[in-house]
>>> print(open('input.tsv').read())   # TSV, C-alpha atoms and all ligand atoms
chain	number	residue	atom	x	y	z
A	28	MET	CA	-5.56	140.35	-42.51
A	29	ARG	CA	-8.20	138.27	-44.28
A	30	LEU	CA	-9.92	139.82	-47.27
A	31	PRO	CA	-13.39	138.74	-48.35
A	32	VAL	CA	-13.48	136.64	-51.53
A	33	SER	CA	-15.11	139.49	-53.45
A	34	ALA	CA	-12.14	141.73	-52.66
A	35	LEU	CA	-9.67	139.05	-53.75
A	36	VAL	CA	-11.52	138.60	-57.03
A	37	ALA	CA	-11.51	142.36	-57.57
A	38	LEU	CA	-7.75	142.44	-56.98
A	39	LEU	CA	-6.99	139.50	-59.26
A	40	PRO	CA	-6.49	141.55	-62.47
A	41	PHE	CA	-3.89	143.72	-60.73
A	42	TYR	CA	-2.08	140.65	-59.43
A	43	LEU	CA	-2.03	139.11	-62.91
A	44	ASP	CA	-0.71	142.37	-64.38
A	45	ILE	CA	2.21	142.25	-61.98
A	46	VAL	CA	2.93	138.57	-62.57
A	47	LEU	CA	2.54	138.62	-66.35
A	48	ALA	CA	3.93	142.05	-67.14
A	49	GLN	CA	7.55	141.24	-66.62
A	50	GLY	CA	9.00	139.57	-69.70
A	51	SER	CA	12.11	137.45	-69.41
A	52	SER	CA	15.14	138.10	-67.24
A	53	GLY	CA	18.12	136.27	-65.82
A	54	THR	CA	21.84	135.87	-66.28
A	55	GLY	CA	23.28	135.40	-69.73
A	56	LYS	CA	26.37	135.13	-71.88
A	57	THR	CA	27.49	137.20	-74.84
A	58	THR	CA	29.53	136.56	-77.95
A	59	ARG	CA	29.92	138.75	-81.04
A	60	TYR	CA	29.47	138.42	-84.78
A	61	TRP	CA	28.91	140.34	-87.99
A	62	ASP	CA	28.26	138.05	-90.95
A	63	CYS	CA	26.49	140.58	-93.23
A	64	CYS	CA	23.64	138.03	-93.72
A	65	LYS	CA	19.96	138.92	-93.68
A	66	PRO	CA	18.96	138.29	-90.05
A	67	SER	CA	16.27	135.72	-89.31
A	68	CYS	CA	13.76	138.25	-87.90
A	69	ALA	CA	13.83	140.01	-91.28
A	70	TRP	CA	11.56	137.34	-92.76
A	71	PRO	CA	7.80	138.11	-92.75
A	72	ARG	CA	5.72	137.34	-89.63
A	73	LYS	CA	8.63	136.32	-87.41
A	74	SER	CA	7.71	138.84	-84.69
A	75	ASN	CA	4.14	139.68	-83.65
A	76	GLY	CA	4.52	143.18	-85.12
A	77	PRO	CA	3.60	144.38	-88.63
A	78	ASN	CA	7.11	144.78	-90.10
A	79	PRO	CA	10.10	142.50	-90.39
A	80	VAL	CA	13.58	143.81	-89.58
A	81	GLN	CA	14.85	146.13	-92.32
A	82	THR	CA	17.52	144.69	-94.62
A	83	CYS	CA	19.70	146.33	-97.25
A	84	ASP	CA	20.92	145.62	-100.74
A	85	LYS	CA	24.55	145.00	-101.57
A	86	ASN	CA	25.17	148.77	-101.55
A	87	ASP	CA	23.69	149.14	-98.05
A	88	ARG	CA	20.46	150.76	-99.29
A	89	PRO	CA	17.26	149.74	-97.44
A	90	LEU	CA	15.32	147.12	-99.40
A	91	ASN	CA	11.82	147.87	-98.02
A	92	ASP	CA	10.86	144.51	-99.53
A	93	GLY	CA	8.44	143.28	-96.87
A	94	GLY	CA	11.02	140.69	-95.95
A	95	ASN	CA	10.77	138.65	-99.14
A	96	THR	CA	14.31	138.86	-100.58
A	97	LYS	CA	16.62	135.86	-100.21
A	98	SER	CA	19.57	136.29	-97.86
A	99	GLY	CA	22.99	137.19	-99.23
A	100	CYS	CA	24.12	134.05	-97.38
A	101	ASP	CA	21.93	131.88	-99.60
A	102	ASN	CA	22.88	131.08	-103.14
A	103	GLY	CA	21.84	134.02	-105.33
A	104	GLY	CA	20.40	135.98	-102.40
A	105	SER	CA	20.68	139.75	-102.29
A	106	ALA	CA	19.45	140.85	-98.81
A	107	PHE	CA	22.13	141.86	-96.31
A	108	MET	CA	22.32	143.26	-92.80
A	109	CYS	CA	22.13	147.08	-92.91
A	110	SER	CA	25.19	148.87	-91.51
A	111	SER	CA	22.75	151.09	-89.57
A	112	GLN	CA	22.16	148.08	-87.29
A	113	SER	CA	25.62	148.58	-85.76
A	114	PRO	CA	25.95	149.37	-82.05
A	115	TRP	CA	26.49	152.94	-80.86
A	116	ALA	CA	27.14	154.68	-77.56
A	117	VAL	CA	24.36	156.90	-76.20
A	118	ASN	CA	26.57	158.05	-73.36
A	119	GLU	CA	29.42	156.63	-71.32
A	120	THR	CA	27.19	154.11	-69.51
A	121	VAL	CA	24.48	153.24	-72.04
A	122	ALA	CA	24.77	151.91	-75.59
A	123	TYR	CA	22.21	150.59	-78.10
A	124	GLY	CA	22.56	147.75	-80.58
A	125	TRP	CA	21.26	144.48	-81.98
A	126	ALA	CA	21.89	140.80	-81.35
A	127	ALA	CA	21.14	137.23	-82.32
A	128	VAL	CA	19.35	135.81	-79.31
A	129	ASN	CA	18.35	132.58	-77.64
A	130	ILE	CA	16.25	132.85	-74.46
A	131	ALA	CA	15.86	129.73	-72.34
A	132	GLY	CA	12.34	128.30	-72.47
A	133	SER	CA	11.24	130.78	-75.13
A	134	ASN	CA	11.15	130.79	-78.92
A	135	GLU	CA	11.94	132.99	-81.88
A	136	ALA	CA	8.36	134.18	-82.24
A	137	SER	CA	8.60	135.59	-78.72
A	138	TRP	CA	12.00	137.22	-79.02
A	139	CYS	CA	12.09	138.57	-82.62
A	140	CYS	CA	12.30	142.37	-82.29
A	141	ALA	CA	12.05	142.24	-78.49
A	142	CYS	CA	14.58	144.36	-76.60
A	143	TYR	CA	16.74	143.32	-73.68
A	144	GLU	CA	18.66	145.54	-71.30
A	145	LEU	CA	22.01	143.84	-70.72
A	146	THR	CA	24.01	144.88	-67.66
A	147	PHE	CA	27.63	143.78	-67.79
A	148	THR	CA	28.85	142.01	-64.67
A	149	ALA	CA	32.59	141.74	-65.31
A	150	ALA	CA	35.51	144.13	-65.74
A	151	PRO	CA	36.11	146.31	-67.67
A	152	LEU	CA	32.41	146.95	-68.23
A	153	ILE	CA	30.84	146.43	-64.78
A	154	GLY	CA	27.56	148.32	-64.52
A	155	LYS	CA	27.49	149.51	-68.13
A	156	LYS	CA	24.26	148.79	-70.01
A	157	LEU	CA	23.74	147.73	-73.60
A	158	ILE	CA	20.15	147.64	-74.81
A	159	VAL	CA	19.86	145.24	-77.74
A	160	GLN	CA	17.01	144.37	-80.03
A	161	ALA	CA	16.81	140.72	-81.10
A	162	THR	CA	17.05	140.59	-84.89
A	163	ASN	CA	18.36	137.10	-85.30
A	164	THR	CA	18.70	133.66	-83.81
A	165	GLY	CA	21.29	130.95	-84.24
A	166	GLY	CA	21.46	127.18	-84.06
A	167	ASP	CA	24.80	127.51	-82.30
A	168	LEU	CA	23.46	129.69	-79.46
A	169	GLY	CA	22.99	128.32	-75.94
A	170	ASN	CA	20.43	129.36	-73.33
A	171	ASN	CA	20.21	133.09	-72.51
A	172	HIS	CA	22.81	133.85	-75.12
A	173	PHE	CA	23.21	137.25	-76.82
A	174	ASP	CA	25.42	137.18	-79.90
A	175	LEU	CA	26.11	140.90	-80.29
A	176	ALA	CA	26.11	142.30	-83.83
A	177	ILE	CA	29.42	144.19	-84.03
A	178	PRO	CA	31.15	144.86	-87.37
A	179	GLY	CA	34.49	143.04	-87.36
A	180	GLY	CA	33.32	140.65	-84.62
A	181	GLY	CA	33.82	137.58	-86.81
A	182	VAL	CA	31.53	136.11	-89.44
A	183	GLY	CA	31.02	132.76	-87.68
A	184	ILE	CA	29.25	129.97	-89.57
A	185	PHE	CA	27.94	132.11	-92.45
A	186	ASN	CA	29.62	134.86	-94.42
A	187	ALA	CA	28.03	137.37	-96.78
A	188	CYS	CA	30.69	140.02	-96.08
A	189	THR	CA	32.86	138.75	-98.90
A	190	SER	CA	30.10	139.16	-101.46
A	191	GLN	CA	28.80	142.44	-99.95
A	192	TYR	CA	32.06	144.23	-99.17
A	193	GLY	CA	34.85	142.12	-100.65
A	194	ALA	CA	36.03	141.04	-97.17
A	195	PRO	CA	38.61	138.21	-96.96
A	196	SER	CA	37.12	134.74	-97.43
A	197	ASN	CA	36.84	134.13	-93.66
A	198	GLY	CA	35.69	137.70	-93.03
A	199	TRP	CA	37.85	140.34	-91.38
A	200	GLY	CA	40.26	138.85	-88.81
A	201	GLU	CA	39.50	135.42	-87.38
A	202	ARG	CA	36.39	133.64	-88.58
A	203	TYR	CA	35.30	133.44	-84.89
A	204	GLY	CA	36.07	136.60	-82.92
A	205	GLY	CA	37.08	138.75	-85.86
A	206	ILE	CA	39.72	141.44	-85.62
A	207	SER	CA	41.70	142.04	-82.44
A	208	SER	CA	42.68	145.71	-82.51
A	209	LYS	CA	41.10	149.04	-83.27
A	210	SER	CA	43.69	149.82	-85.93
A	211	ALA	CA	42.14	147.08	-88.10
A	212	CYS	CA	38.88	149.11	-88.25
A	213	ALA	CA	40.66	151.77	-90.31
A	214	SER	CA	40.58	149.59	-93.42
A	215	PHE	CA	36.88	148.71	-93.04
A	216	PRO	CA	34.15	149.93	-95.41
A	217	ASN	CA	33.16	153.44	-94.29
A	218	ALA	CA	29.66	152.35	-93.27
A	219	LEU	CA	31.04	149.82	-90.79
A	220	LYS	CA	33.88	151.83	-89.25
A	221	ALA	CA	31.94	153.47	-86.43
A	222	GLY	CA	30.48	150.16	-85.23
A	223	CYS	CA	33.90	148.52	-85.48
A	224	ASN	CA	35.49	151.32	-83.41
A	225	TRP	CA	32.68	151.10	-80.82
A	226	ARG	CA	33.99	147.70	-79.77
A	227	PHE	CA	37.34	149.17	-78.74
A	228	ASP	CA	36.02	152.47	-77.32
A	229	TRP	CA	32.74	152.15	-75.34
A	230	PHE	CA	32.97	148.33	-75.17
A	231	LYS	CA	36.66	148.50	-74.17
A	232	GLY	CA	37.58	145.51	-76.30
A	233	ALA	CA	35.79	143.20	-73.83
A	234	ASP	CA	35.84	139.54	-74.83
A	235	ASN	CA	32.41	137.87	-74.48
A	236	PRO	CA	31.51	139.59	-71.17
A	237	PRO	CA	28.77	138.03	-68.97
A	238	VAL	CA	25.53	139.92	-68.32
A	239	THR	CA	22.32	140.02	-66.40
A	240	PHE	CA	19.38	140.80	-68.64
A	241	LYS	CA	15.78	141.89	-68.53
A	242	GLN	CA	13.27	142.39	-71.29
A	243	VAL	CA	12.32	146.03	-71.81
A	244	ALA	CA	10.25	148.04	-74.26
A	245	CYS	CA	12.55	149.03	-77.12
A	246	PRO	CA	13.94	152.54	-77.27
A	247	ALA	CA	12.31	154.27	-80.27
A	248	ALA	CA	15.84	155.14	-81.43
A	249	ILE	CA	16.39	151.40	-82.01
A	250	THR	CA	13.07	150.60	-83.71
A	251	ALA	CA	13.49	153.64	-85.98
A	252	LYS	CA	16.60	152.01	-87.42
A	253	SER	CA	15.38	148.41	-87.57
A	254	ASN	CA	11.83	149.34	-88.63
A	255	CYS	CA	10.59	146.47	-86.42
A	256	ALA	CA	8.56	146.84	-83.23
A	257	ARG	CA	6.52	144.23	-81.39
A	258	GLN	CA	2.88	144.48	-80.38
A	259	ASN	CA	2.25	144.17	-76.64
A	260	ASP	CA	2.93	140.69	-75.26
A	261	ALA	CA	4.38	139.91	-71.82
A	262	ILE	CA	5.17	143.60	-71.49
A	263	ASN	CA	3.93	146.91	-72.88
A	264	GLN	CA	5.97	147.13	-76.09
A	265	THR	CA	5.37	150.80	-76.91
A	266	PRO	CA	8.82	152.13	-77.91
A	267	THR	CA	10.23	154.61	-75.42
A	268	GLY	CA	12.12	157.88	-75.71
A	269	PRO	CA	13.07	159.94	-78.76
A	270	SER	CA	13.43	158.31	-82.19
A	271	THR	CA	16.91	159.73	-82.63
A	272	VAL	CA	19.56	160.07	-79.93
A	273	PRO	CA	23.02	161.54	-80.31
A	274	THR	CA	26.13	159.37	-80.42
A	275	TRP	CA	28.46	159.77	-77.47
A	276	VAL	CA	32.04	160.22	-78.58
A	277	PRO	CA	34.78	159.21	-76.10
A	301	LIG	C1	22.55	157.71	-70.55
A	301	LIG	O1	21.47	157.56	-71.45
A	301	LIG	C2	20.38	156.85	-70.90
A	301	LIG	C3	19.38	156.61	-72.02
A	301	LIG	O2	18.97	157.82	-72.60
A	301	LIG	C4	19.81	157.63	-69.72
A	301	LIG	O3	18.73	156.92	-69.17
A	301	LIG	C5	20.89	157.82	-68.69
A	301	LIG	O4	20.41	158.64	-67.64
A	301	LIG	C6	22.11	158.47	-69.33
A	301	LIG	N1	23.20	158.48	-68.34
A	301	LIG	C7	24.04	159.50	-68.22
A	301	LIG	C8	25.11	159.32	-67.21
A	301	LIG	O5	23.93	160.52	-68.88
>>> encode(input="input.tsv", output="C-alpha cells")
Amino acid sequence: MRLPVSALVALLPFYLDIVLAQGSSGTGKTTRYWDCCKPSCAWPRKSNGPNPVQTCDKNDRPLNDGGNTKSGCDNGGSAFMCSSQSPWAVNETVAYGWAAVNIAGSNEASWCCACYELTFTAAPLIGKKLIVQATNTGGDLGNNHFDLAIPGGGVGIFNACTSQYGAPSNGWGERYGGISSKSACASFPNALKAGCNWRFDWFKGADNPPVTFKQVACPAAITAKSNCARQNDAINQTPTGPSTVPTWVP
C-alpha cells in the first residue's frame, strides 16, 4: 500500500511517539551496596524534577534541606541515606527499591530519579521483578549496571555507616559484598533490619544476579519515599499506582 505524502505527514507524530516514548532497555548486571552516604541524586537539580532525593540526618530523620547538606561521607558532612530507601517485597514476584545506576550511552541527568523494571534472568530469581529508582551513580559502575541499595550489602568505596550507626570500620561484613547470612541482620540497627532481611528472603541471597531492564514510570509508592519524581522525558513519568503498598511477608 502506498500512502499519499499528506497522510504520511499526518501520521508522523504518532510514529515519533512510538519511537521516542520508550526510554532505555537492555541487559544489565547488578551488584549491591549500602554505604549510608548521601546519594548523588540528592543534590539540587540532578534530575529534571523539582525535588532532589530525600536524605536524613544522623538519626534517620528526613532533612528536607533542598539537597544542600554535605554528605556524611565528606568531612564534616551530616546528610545520610534514609533507611526508608531500603528494598521491600510487594508480593512474591515484585519488589521495590533503589539503586546506583549507570546506563550505557546516557548520563546522570537522564537517569537521576528514573525507574527501571529489572527482571532477573538467573536462578534462584528467574522471572522475579525488582523495580528500582536511580538515586545514585558511581565511578566504579560499568555499562547498564544497577548497584542495588541493600542494607548490609557492603559499603564499597565510601563508608558513612560507621559515623551514622557505629558500624565496624569496613561496614558490616566484608567491605565489598557485606554480610553473608541472615543471622547477621539481627544485630543491625532496627531501621535497617527489614531491608537486610529482604536480601535473604525475597531476594534469596542471590549474588549479583543478571537482569534485563526497561525504563518505566516510577510507582508512586517509590516516589513517596524518595520524594523525587522526574518530569516527562523519553517516557511519561507520571508515577503509577497507590502511594503506599503493603509489604509482603514470606
Ligand atoms: C504483584 O504486585 C504487582 C505490583 O503491584 C502487580 O502488578 C502484580 O500483579 C502482583 N502479582 C501478584 C502475583 O500478586
>>> residues_near_ligand(input="input.tsv", ligand="ligand LIG 301 (chain A)", cutoff="8 Å", atoms="all atoms listed in the file", output="list in words")
Val117, Asn118, Glu119, Thr120, Val121, Ala122, Gly268 and Val272 of chain A
>>> write_last_selection(input="input.tsv", atoms="C-alpha atoms", output="PDB file, in the coordinates of the input")
ATOM      1  CA  VAL A 117      24.360 156.900 -76.200  1.00  0.00           C
ATOM      2  CA  ASN A 118      26.570 158.050 -73.360  1.00  0.00           C
ATOM      3  CA  GLU A 119      29.420 156.630 -71.320  1.00  0.00           C
ATOM      4  CA  THR A 120      27.190 154.110 -69.510  1.00  0.00           C
ATOM      5  CA  VAL A 121      24.480 153.240 -72.040  1.00  0.00           C
ATOM      6  CA  ALA A 122      24.770 151.910 -75.590  1.00  0.00           C
ATOM      7  CA  GLY A 268      12.120 157.880 -75.710  1.00  0.00           C
ATOM      8  CA  VAL A 272      19.560 160.070 -79.930  1.00  0.00           C
TER       9      VAL A 272
END
>>> residues_near_point(input="input.tsv", point="(22.9, 145.2, -74.1)", cutoff="6 Å", atoms="all atoms listed in the file", output="list in words")
Glu144, Leu145, Lys156, Leu157, Ile158 and Val159 of chain A
>>> atom_distance(input="input.tsv", atom1="atom CA of A:Ala233", atom2="atom CA of A:Cys142")
21.4 Å
>>> residues_around(input="input.tsv", residues="stretch 65-75 of chain A", least_positions_apart="6", cutoff="7 Å", atoms="only C-alpha atoms", output="list in words")
Gln81, Thr82, Gly93, Gly94, Asn95, Ser98, Gly99, Ala106, Phe107, Met108, Ala136, Ser137, Cys139, Cys140, Thr162, Asn163, Thr164, Arg257 and Gln258 of chain A
>>> write_last_selection(input="input.tsv", atoms="C-alpha atoms", output="short mmCIF file (atom, residue, chain, number, x, y, z; two decimals), in the frame of the given file")
data_model
loop_
_atom_site.label_atom_id
_atom_site.label_comp_id
_atom_site.auth_asym_id
_atom_site.auth_seq_id
_atom_site.Cartn_x
_atom_site.Cartn_y
_atom_site.Cartn_z
CA GLN A 81 14.85 146.13 -92.32
CA THR A 82 17.52 144.69 -94.62
CA GLY A 93 8.44 143.28 -96.87
CA GLY A 94 11.02 140.69 -95.95
CA ASN A 95 10.77 138.65 -99.14
CA SER A 98 19.57 136.29 -97.86
CA GLY A 99 22.99 137.19 -99.23
CA ALA A 106 19.45 140.85 -98.81
CA PHE A 107 22.13 141.86 -96.31
CA MET A 108 22.32 143.26 -92.80
CA ALA A 136 8.36 134.18 -82.24
CA SER A 137 8.60 135.59 -78.72
CA CYS A 139 12.09 138.57 -82.62
CA CYS A 140 12.30 142.37 -82.29
CA THR A 162 17.05 140.59 -84.89
CA ASN A 163 18.36 137.10 -85.30
CA THR A 164 18.70 133.66 -83.81
CA ARG A 257 6.52 144.23 -81.39
CA GLN A 258 2.88 144.48 -80.38
#
>>> closest_residue(input="input.tsv", among="A:Ser52, A:Ser196, A:Thr148, A:Asn102", to="A:Ala131", atoms="only C-alpha atoms")
A:Ser52
>>> closest_residue(input="input.tsv", among="A:Lys220, A:Ala141, A:Gly132, A:Asp84", to="A:Ala261", atoms="all atoms listed in the file")
A:Ala141
>>> atom_distance(input="input.tsv", atom1="atom CA of A:Pro246", atom2="atom CA of A:Thr265")
8.8 Å
>>> residues_around(input="input.tsv", residues="A:Ile184", least_positions_apart="6", cutoff="9 Å", atoms="only C-alpha atoms", output="mmCIF file with C-alpha atoms, in the coordinates of the input")
data_model
loop_
_atom_site.group_PDB
_atom_site.id
_atom_site.type_symbol
_atom_site.label_atom_id
_atom_site.label_comp_id
_atom_site.auth_asym_id
_atom_site.auth_seq_id
_atom_site.Cartn_x
_atom_site.Cartn_y
_atom_site.Cartn_z
ATOM 1 C CA ASP A 62 28.260 138.050 -90.950
ATOM 2 C CA ASP A 167 24.800 127.510 -82.300
ATOM 3 C CA ARG A 202 36.390 133.640 -88.580
ATOM 4 C CA TYR A 203 35.300 133.440 -84.890
#
>>> residues_near_point(input="input.tsv", point="(30.9, 134.9, -75.1)", cutoff="8 Å", atoms="all atoms listed in the file", output="list in words")
Lys56, Thr57, Thr58, Arg59, Asp174, Asp234, Asn235, Pro236 and Pro237 of chain A
>>> atom_distance(input="input.tsv", atom1="atom CA of A:Pro195", atom2="atom CA of A:Lys209")
17.6 Å
>>> closest_residue(input="input.tsv", among="A:Ala248, A:Val276, A:Ala161, A:Ala218", to="A:Trp125", atoms="all atoms listed in the file")
A:Ala161
>>> closest_residue(input="input.tsv", among="A:Asp260, A:Asp228, A:Asp92, A:Glu201", to="A:Gly180", atoms="all atoms listed in the file")
A:Glu201
>>> closest_residue(input="input.tsv", among="A:Ala116, A:Trp199, A:Ser214, A:Gly55", to="A:Thr274", atoms="all atoms listed in the file")
A:Ala116
>>> decode(input="input.tsv", residues="stretch 230-251 of chain A", atoms="N, CA and C atoms", output="PDB file, in the first residue's frame")
ATOM      1  N   PHE A 230      14.856 -11.965  48.022  1.00  0.00           N
ATOM      2  CA  PHE A 230      15.989 -11.948  47.080  1.00  0.00           C
ATOM      3  C   PHE A 230      16.792 -13.253  47.135  1.00  0.00           C
ATOM      4  N   LYS A 231      16.438 -14.113  48.072  1.00  0.00           N
ATOM      5  CA  LYS A 231      17.003 -15.461  48.202  1.00  0.00           C
ATOM      6  C   LYS A 231      18.535 -15.490  48.288  1.00  0.00           C
ATOM      7  N   GLY A 232      19.101 -14.432  48.829  1.00  0.00           N
ATOM      8  CA  GLY A 232      20.546 -14.407  48.989  1.00  0.00           C
ATOM      9  C   GLY A 232      21.310 -14.439  47.666  1.00  0.00           C
ATOM     10  N   ALA A 233      20.642 -14.049  46.570  1.00  0.00           N
ATOM     11  CA  ALA A 233      21.286 -14.092  45.248  1.00  0.00           C
ATOM     12  C   ALA A 233      22.535 -13.199  45.239  1.00  0.00           C
ATOM     13  N   ASP A 234      23.534 -13.617  44.479  1.00  0.00           N
ATOM     14  CA  ASP A 234      24.810 -12.913  44.461  1.00  0.00           C
ATOM     15  C   ASP A 234      25.014 -12.245  43.098  1.00  0.00           C
ATOM     16  N   ASN A 235      24.693 -10.951  43.028  1.00  0.00           N
ATOM     17  CA  ASN A 235      24.882 -10.161  41.810  1.00  0.00           C
ATOM     18  C   ASN A 235      24.179 -10.770  40.581  1.00  0.00           C
ATOM     19  N   PRO A 236      22.874 -11.060  40.695  1.00  0.00           N
ATOM     20  CA  PRO A 236      22.169 -11.724  39.584  1.00  0.00           C
ATOM     21  C   PRO A 236      22.017 -10.823  38.356  1.00  0.00           C
ATOM     22  N   PRO A 237      22.142 -11.400  37.145  1.00  0.00           N
ATOM     23  CA  PRO A 237      21.950 -10.636  35.913  1.00  0.00           C
ATOM     24  C   PRO A 237      20.468 -10.305  35.684  1.00  0.00           C
ATOM     25  N   VAL A 238      20.232  -9.277  34.892  1.00  0.00           N
ATOM     26  CA  VAL A 238      18.859  -8.812  34.640  1.00  0.00           C
ATOM     27  C   VAL A 238      18.680  -8.398  33.180  1.00  0.00           C
ATOM     28  N   THR A 239      17.422  -8.334  32.758  1.00  0.00           N
ATOM     29  CA  THR A 239      17.056  -7.464  31.651  1.00  0.00           C
ATOM     30  C   THR A 239      16.365  -6.274  32.292  1.00  0.00           C
ATOM     31  N   PHE A 240      16.411  -5.121  31.630  1.00  0.00           N
ATOM     32  CA  PHE A 240      15.796  -3.945  32.247  1.00  0.00           C
ATOM     33  C   PHE A 240      15.056  -3.122  31.216  1.00  0.00           C
ATOM     34  N   LYS A 241      14.046  -2.409  31.692  1.00  0.00           N
ATOM     35  CA  LYS A 241      13.415  -1.375  30.871  1.00  0.00           C
ATOM     36  C   LYS A 241      12.974  -0.227  31.756  1.00  0.00           C
ATOM     37  N   GLN A 242      13.112   0.966  31.215  1.00  0.00           N
ATOM     38  CA  GLN A 242      12.709   2.152  31.956  1.00  0.00           C
ATOM     39  C   GLN A 242      11.192   2.192  32.051  1.00  0.00           C
ATOM     40  N   VAL A 243      10.684   2.500  33.237  1.00  0.00           N
ATOM     41  CA  VAL A 243       9.235   2.599  33.445  1.00  0.00           C
ATOM     42  C   VAL A 243       8.939   3.861  34.258  1.00  0.00           C
ATOM     43  N   ALA A 244       7.685   4.288  34.226  1.00  0.00           N
ATOM     44  CA  ALA A 244       7.282   5.352  35.154  1.00  0.00           C
ATOM     45  C   ALA A 244       7.400   4.787  36.567  1.00  0.00           C
ATOM     46  N   CYS A 245       7.833   5.600  37.509  1.00  0.00           N
ATOM     47  CA  CYS A 245       8.010   5.090  38.874  1.00  0.00           C
ATOM     48  C   CYS A 245       6.670   4.764  39.520  1.00  0.00           C
ATOM     49  N   PRO A 246       6.607   3.689  40.291  1.00  0.00           N
ATOM     50  CA  PRO A 246       5.460   3.506  41.177  1.00  0.00           C
ATOM     51  C   PRO A 246       5.411   4.674  42.173  1.00  0.00           C
ATOM     52  N   ALA A 247       4.199   5.179  42.437  1.00  0.00           N
ATOM     53  CA  ALA A 247       4.060   6.284  43.393  1.00  0.00           C
ATOM     54  C   ALA A 247       4.526   5.858  44.788  1.00  0.00           C
ATOM     55  N   ALA A 248       4.486   4.556  45.070  1.00  0.00           N
ATOM     56  CA  ALA A 248       4.941   4.065  46.378  1.00  0.00           C
ATOM     57  C   ALA A 248       6.450   4.265  46.541  1.00  0.00           C
ATOM     58  N   ILE A 249       7.171   4.338  45.431  1.00  0.00           N
ATOM     59  CA  ILE A 249       8.614   4.611  45.487  1.00  0.00           C
ATOM     60  C   ILE A 249       8.871   6.109  45.617  1.00  0.00           C
ATOM     61  N   THR A 250       8.212   6.920  44.770  1.00  0.00           N
ATOM     62  CA  THR A 250       8.484   8.364  44.810  1.00  0.00           C
ATOM     63  C   THR A 250       8.000   8.983  46.126  1.00  0.00           C
ATOM     64  N   ALA A 251       6.985   8.365  46.754  1.00  0.00           N
ATOM     65  CA  ALA A 251       6.514   8.888  48.043  1.00  0.00           C
ATOM     66  C   ALA A 251       7.614   8.782  49.097  1.00  0.00           C
TER      67      ALA A 251
END
